[in-house]
Structure formats: structure tokens, C-alpha cells
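Novice: Below you'll find the structure I mean.
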Amino acid sequence: MSISRKITTLYTKTAVLSMRLIWKSKDKSNECKGKLLTNYFTQKYLPIVENIRKKNITTESQEVIWQFWDNPDGKKTPPIIKSCLDSVDKYKGNFEHKILNNLTIKNYSDLPGYILDRFNKKQMDYAHFSDLLRLNLLKNHGGIWLDATGFMTNFIPKYIVDEVFFVFLTGKLTIFPYSFMQNCFIRAKKGSFLCEAWYEMCLEYWKKEKKELDYFQHQLMFKALVEKNPTAKDLFDKMPKKPDDEIHQLVGNNLFKKFDEKKWGKIKKTSFFQKTTYRTAGATDLTDTYFSKLSEGNL
């Protein structure tokens with residue numbers, strides 16, 4: 001092992017240990033944690049993309065809006081999720097709409113066996129599994145990824161559809177600004193360098209490590225990619241920069257506030273979709289709230 005490799009290994013181990021200590025401390029610094037993690041992913045997993053070259057961009061005859069939802073045993077799909085999925089059907093435009101579950105993902109994805117094994121053995125949660133699934137689908141087929149909790153209020157803007165790659169970046173309404181970007185909505189055409197390189201970094205991580213370091217590690221690997229890889233940085237610099245504030249009008253307690261028709265009209269004009277949640281976060285009275293209206297399918 002070379003001296004430089006020893007130094008890099010020592011640095012990454014120290015960075016992870018420091019991150020874990022910060023995470024457990026009462027006065028943790030998310031900003032510091034974000035920097036440590038980004039540096040860690042840069043040192044250990046960015047080298048995997050060095051041999052990836054830009055490919056020709058192709059568009060299938062009918063692109064797909066991909067979503068994933070699978071109910072745990074004995075559970076039914078929450079009404080708000082049904083409404084969200086129905087909203088995509090309403091505003092899918094020229095896209096085909098595919099909702100995958102644990103049984104159907106094998107028809108469209110080629111995730112490595114060790115990923116599926118970890119997921120099936122519950123060594124990887126749904127969130128981190130879907131992080132990999134969305135990039136695998138987009139790398140192989142192109143299209144749009146939208147979380148099942150996204151409620152569409154309009155068609156996807158042309159300027160996004162025309163992009164080879166697009167994601168929303170963190171804005172003022174983000175609870176965890178260190179996460180850098182949102183992965184709930186991803187536009188990637190088949191052949192996108194950013195999509196493939198990001199996917200390969202994530203695969204390499206789960207090949208070498210047994211559990212997650214942070215809930216937002218998927219986003220921070222993307223940050224490491226576009227900040228430190230010259231090709232990725234050039235492509236990212238050309239991408240339109242849109243803060244996720246416009247898709248966060250219903251985040252947090254806003255979803256459980258009393259419904260206001262005029263305000264809802266303004267929210268719909270803010271963006272073509274809004275992030276929601278099926279978790280009620282301890283809310284007791286959901287009557288006439290945005291949550292109940294969405295769940296009832298009245299919007």
C-alpha cells in the first residue's frame with residue numbers, strides 16, 4: 001500500500017469516526033457533518049467514475065414516469081398515496097406511467113444480486129433501496145423518477161423535459177440544508193453521464209459498506225460528484241438551478257393545517273408538484289386539512 005493510499009485511508013476513517021461522534025453529540029453540526037461526508041465520498045468512491053465516458057443521449061419512443069410503492073404485509077395503500085399516484089396519471093402528458101413494486105421491479109431493473117439480498121434480508125431500508133432503484137431505472141431506460149408521495153398539480157414543464165438531467169437543489173424551506181439537493185424528482189435521459197456516474201458511486205458504496213452512514217448519503221454522493229469530477233461539474237453547471245422551496249409548500253406542519261382554497265390556488269401555481277407524506281406525525285385532528293383533502297381525492 002502506497003503512502004498516499006495510507007494517508008487517504010487514515011483520513012477517511014477519521015472523517016467517518018468524527019461524523020459519527022458529531023451525529024451523537026447534543027450540539028451536532030449538520031454543516032460540519034455534510035462536509036465530512038462529502039470529503040469521505042470524494043476520497044473513497046469518486047475514483048470509481050474515472051473510467052466512465054460520456055455517451056450518446058437517446059430518448060425512447062415513449063419515456064416513462066417511474067414510481068415505486070410496495071405495501072408491507074397486512075397494510076393497505078394510504079389514501080393520500082393513492083391520490084398522489086392518480087395525480088401522476090392525470091398529468092403524465094406524453095409519458096407512460098409505471099408504478100413498480102417488489103414483484104415487478106425485476107422486469108425493468110438489473111440491480112446486482114447483493115443489493116436485492118440486502119434489501120430482502122432487511123439490511124437495507126426502503127429509502128436507501130429506492131435511492132439505487134431510481135438511478136438504475138433512469139440509467140437503463142431514461143425518463144422521470146417521482147416519489148410516490150409527490151402530488152402533481154400540472155404537467156412537467158418543457159424546460160425540465162428537454163434537459164438531459166435535472167434535479168431540484170435545497171432552498172430556504174429545507175429542514176436539512178446540508179443535503180444539497182432533492183432526489184424525490186429526477187429527470188434523466190438515457191445516456192446521462194450524471195445519472196450513470198452517481199449510480200456507480202452508490203453501488204460501490206454498498207458493495208464495500210454494510211450500513212448507511214447518513215440518511216442523505218445518496219444526495220451527498222451526488223454533491224461530491226458534481227463538485228470534484230470535472231465532467232460532472234461541467235454538466236451540472238449547465239443545468240438550470242431551481243430551489244426546492246417551490247415543491248415544499250406542504251412540508252412539515254403545513255400539510256396538517258386547515259385547508260384554504262385561495263392558498264391552495266397559489267400553491268398549485270408555485271410548481272407542477274408538491275411533496276407530501278403519508279405519516280401524520282402525531283397530528284390528532286385531520287378534519288378539513290390539506291392532508292384530508294388530498295386523501296379524499298378532492299383536489
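If you're wondering about the labels, chains in the C-alpha cells are A, B, ... by order shown, residues count from 1 in each chain, ligands from 1 in order shown.
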Using DSSP on the backbone coordinates, identify all residues within segment 102-282 of chain A classified as alpha helix (DSSP H); present the result as a ChimeraX atom specification.
Specialist: /A:113-120,126-141,158-161,193-208,217-228,230-238,261-270
Novice: Can you tell me which residues surround segment 273-280 of chain A at a distance of at most 7 Å, considering only C-alpha atoms, apart from same-chain residues fewer than 3 positions away, and format the answer as a list of chain:residue names?
Specialist: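 In the requested format, the answer is A:Pro78, A:Ile80, A:Ile81, A:Thr149, A:Gly150, A:Phe151, A:Met152, A:Thr153, A:Asn154, A:Ile247, A:His248, A:Gln249, A:Leu250, A:Val251, A:Ala283.
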Novice: Could the residues in this selection be written to a file with C-alpha atoms, as a CSV table (one decimal), in the first residue's frame?
Specialist:
```csv
chain,number,residue,atom,x,y,z
A,78,PRO,CA,-52.8,5.0,2.3
A,80,ILE,CA,-53.0,10.1,0.2
A,81,ILE,CA,-50.6,7.8,-1.7
A,149,THR,CA,-45.5,11.0,-2.2
A,150,GLY,CA,-45.4,13.6,-4.9
A,151,PHE,CA,-48.8,15.1,-5.7
A,152,MET,CA,-48.8,16.6,-9.2
A,153,THR,CA,-50.8,19.7,-9.9
A,154,ASN,CA,-49.7,20.4,-13.5
A,247,ILE,CA,-42.1,21.9,-4.2
A,248,HIS,CA,-42.1,22.2,-0.4
A,249,GLN,CA,-45.2,24.3,0.2
A,250,LEU,CA,-46.8,21.4,2.1
A,251,VAL,CA,-43.9,20.1,4.0
A,283,ALA,CA,-51.5,15.1,14.2
```
Novice: I'd like the interatomic distance between atom CA of Thr231 of chain A and atom CA of Ser192 of chain A, to a tenth of an Å.
Specialist: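 Answer for the atom CA of Thr231 of chain A to atom CA of Ser192 of chain A separation: 11.5 Å.
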Novice: Give me the residues near Phe222 of chain A as a short mmCIF file (atom, residue, chain, number, x, y, z; two decimals) with N, CA and C atoms, in the first residue's frame, where near means some atom within 9 Å (using only C-alpha atoms) and where sequence neighbours in that chain fewer than 4 positions away do not count.
Specialist:
```cif
data_model
loop_
_atom_site.label_atom_id
_atom_site.label_comp_id
_atom_site.auth_asym_id
_atom_site.auth_seq_id
_atom_site.Cartn_x
_atom_site.Cartn_y
_atom_site.Cartn_z
N THR A 38 -19.09 14.46 2.54
CA THR A 38 -18.76 14.76 1.14
C THR A 38 -17.29 14.46 0.88
N PHE A 180 -28.01 19.25 0.23
CA PHE A 180 -27.56 19.79 -1.05
C PHE A 180 -28.61 19.75 -2.15
N MET A 181 -29.31 18.64 -2.31
CA MET A 181 -30.27 18.52 -3.41
C MET A 181 -31.39 17.56 -3.03
N LEU A 194 -24.26 12.10 -15.64
CA LEU A 194 -24.51 12.37 -14.22
C LEU A 194 -25.26 11.23 -13.56
N ALA A 197 -22.81 7.98 -13.44
CA ALA A 197 -21.70 8.14 -12.50
C ALA A 197 -22.20 8.12 -11.07
N TRP A 198 -23.31 8.78 -10.83
CA TRP A 198 -23.93 8.81 -9.49
C TRP A 198 -24.30 7.40 -9.06
N MET A 201 -21.23 5.26 -8.11
CA MET A 201 -20.71 5.62 -6.79
C MET A 201 -21.53 4.95 -5.70
N GLN A 217 -26.98 10.32 2.46
CA GLN A 217 -25.72 9.98 1.81
C GLN A 217 -25.87 9.91 0.29
N HIS A 218 -27.04 9.54 -0.19
CA HIS A 218 -27.29 9.49 -1.64
C HIS A 218 -27.10 10.87 -2.25
N VAL A 226 -20.48 16.22 -8.44
CA VAL A 226 -20.56 17.44 -9.26
C VAL A 226 -19.59 18.52 -8.80
N GLU A 227 -19.02 18.37 -7.61
CA GLU A 227 -18.04 19.34 -7.14
C GLU A 227 -16.61 18.96 -7.50
#
```
Novice: Could you check which of A:Lys55, A:Lys223, A:Lys210, A:Lys106 is closest to Asn136 of chain A, using only C-alpha atoms?
Specialist: A:Lys106
Novice: Smallest atom-to-atom distance to His128 of chain A: which of A:Lys211, A:Lys33, A:Lys258, A:Lys242, using only C-alpha atoms?
Specialist: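 Residue with the minimum atom-to-atom distance to His128 of chain A: A:Lys211.
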Novice: Using DSSP on the backbone, list every residue of segment 42-149 of chain A that comes out as strand (DSSP E or B), and give them as a PyMOL selection string.
Specialist: chain A and resi 58+64-68+96-100+143-146
Novice: Separation of atom CA of Asp131 of chain A and atom CA of Pro157 of chain A, in Å?
Specialist: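 Taking atom CA of Asp131 of chain A and atom CA of Pro157 of chain A, their separation equals 23.7 Å.
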Novice: Using only C-alpha atoms, which of A:Ala127, A:Val64, A:Leu133, A:Leu138 sits nearest Ile105 of chain A?
Specialist: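 Among the listed residues, the smallest separation from Ile105 of chain A belongs to A:Leu133.
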Novice: At a cut-off of 7 Å, can you tabulate as a Markdown table every residue of segment 165-266 of chain A near segment 139-148 of chain A together with its closest atom pair and the distance in Å to one decimal, using only C-alpha atoms and ordering rows by chain then number?
Specialist:
```
| residue | atom | partner | partner_atom | distance |
| --- | --- | --- | --- | --- |
| A:Cys184 | CA | A:Asp147 | CA | 5.1 |
| A:Phe185 | CA | A:Leu146 | CA | 4.7 |
| A:Ile186 | CA | A:Trp145 | CA | 5.1 |
| A:Arg187 | CA | A:Ile144 | CA | 4.7 |
| A:Ala188 | CA | A:Gly142 | CA | 5.5 |
| A:Lys189 | CA | A:Gly142 | CA | 4.3 |
| A:Lys190 | CA | A:Gly142 | CA | 4.1 |
| A:Gly191 | CA | A:Lys139 | CA | 6.7 |
| A:Cys195 | CA | A:Lys139 | CA | 6.1 |
| A:Glu196 | CA | A:Lys139 | CA | 5.7 |
```
Novice: Print the selection's residues with C-alpha atoms to a file, as a short mmCIF file (atom, residue, chain, number, x, y, z; two decimals), in the first residue's frame.
Specialist:
```cif
data_model
loop_
_atom_site.label_atom_id
_atom_site.label_comp_id
_atom_site.auth_asym_id
_atom_site.auth_seq_id
_atom_site.Cartn_x
_atom_site.Cartn_y
_atom_site.Cartn_z
CA CYS A 184 -37.58 12.89 -4.95
CA PHE A 185 -37.74 14.12 -8.57
CA ILE A 186 -35.07 13.27 -11.12
CA ARG A 187 -35.16 13.89 -14.85
CA ALA A 188 -32.51 11.87 -16.71
CA LYS A 189 -32.39 10.91 -20.34
CA LYS A 190 -30.86 7.58 -21.25
CA GLY A 191 -27.10 8.03 -21.53
CA CYS A 195 -27.03 9.59 -13.70
CA GLU A 196 -24.63 6.75 -14.51
#
```
Novice: List the spatial neighbours of Tyr45 of chain A as a PyMOL selection string - criterion: any atom at most 12 Å away, only C-alpha atoms, same-chain residues fewer than 6 positions off excluded.
Specialist: chain A and resi 8-9+12+37-39+197-209+217-218+220-222+224-225+228-229
Novice: Let me see the file: selected residues, C-alpha atoms, as an mmCIF file, in the first residue's frame.
Specialist:
```
data_model
loop_
_atom_site.group_PDB
_atom_site.id
_atom_site.type_symbol
_atom_site.label_atom_id
_atom_site.label_comp_id
_atom_site.auth_asym_id
_atom_site.auth_seq_id
_atom_site.Cartn_x
_atom_site.Cartn_y
_atom_site.Cartn_z
ATOM 1 C CA THR A 8 -6.205 8.625 2.340
ATOM 2 C CA THR A 9 -7.390 5.556 4.242
ATOM 3 C CA THR A 12 -11.459 8.669 5.528
ATOM 4 C CA LEU A 37 -19.314 13.007 4.466
ATOM 5 C CA THR A 38 -18.757 14.757 1.143
ATOM 6 C CA ASN A 39 -14.999 14.535 1.653
ATOM 7 C CA ALA A 197 -21.702 8.141 -12.505
ATOM 8 C CA TRP A 198 -23.929 8.813 -9.492
ATOM 9 C CA TYR A 199 -25.317 5.273 -9.699
ATOM 10 C CA GLU A 200 -21.866 3.696 -9.878
ATOM 11 C CA MET A 201 -20.713 5.616 -6.794
ATOM 12 C CA CYS A 202 -23.738 4.413 -4.841
ATOM 13 C CA LEU A 203 -23.245 0.804 -5.956
ATOM 14 C CA GLU A 204 -19.606 0.896 -4.936
ATOM 15 C CA TYR A 205 -20.567 2.182 -1.508
ATOM 16 C CA TRP A 206 -22.999 -0.671 -0.828
ATOM 17 C CA LYS A 207 -20.518 -3.172 -2.199
ATOM 18 C CA LYS A 208 -17.956 -2.151 0.432
ATOM 19 C CA GLU A 209 -20.026 -0.984 3.395
ATOM 20 C CA GLN A 217 -25.724 9.978 1.805
ATOM 21 C CA HIS A 218 -27.287 9.488 -1.637
ATOM 22 C CA LEU A 220 -24.067 13.876 -0.684
ATOM 23 C CA MET A 221 -22.520 11.414 -3.118
ATOM 24 C CA PHE A 222 -24.072 13.494 -5.875
ATOM 25 C CA ALA A 224 -19.134 15.001 -4.247
ATOM 26 C CA LEU A 225 -19.573 14.021 -7.893
ATOM 27 C CA LYS A 228 -14.963 17.210 -7.744
ATOM 28 C CA ASN A 229 -15.335 15.382 -11.077
#
```
Novice: So what do you get for atom CA of Asp245 of chain A versus atom CA of Thr174 of chain A, distance-wise?
Specialist: 7.2 Å
Novice: Which residues are close to Ser83 of chain A, i.e. within 7 Å by only C-alpha atoms, leaving aside same-chain residues fewer than 4 positions away? Reply as a list in words.
Specialist: Pro79, Ser87, Leu294, Ser295 and Gly297 of chain A
Novice: How about saving the chosen residues, C-alpha atoms kept, as an mmCIF file, in the first residue's frame?
Specialist:
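Written out: again-v4.cif:
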```
data_model
loop_
_atom_site.group_PDB
_atom_site.id
_atom_site.type_symbol
_atom_site.label_atom_id
_atom_site.label_comp_id
_atom_site.auth_asym_id
_atom_site.auth_seq_id
_atom_site.Cartn_x
_atom_site.Cartn_y
_atom_site.Cartn_z
ATOM 1 C CA PRO A 79 -55.430 7.181 0.623
ATOM 2 C CA SER A 87 -52.412 12.784 -9.921
ATOM 3 C CA LEU A 294 -55.641 15.151 -0.633
ATOM 4 C CA SER A 295 -56.517 11.807 0.958
ATOM 5 C CA GLY A 297 -59.101 12.877 -3.685
#
```
Novice: When distances are computed from only C-alpha atoms, which of A:Phe95, A:Glu296, A:Met239, A:Tyr215 shows the smallest separation from Ser61 of chain A?
Specialist: A:Phe95
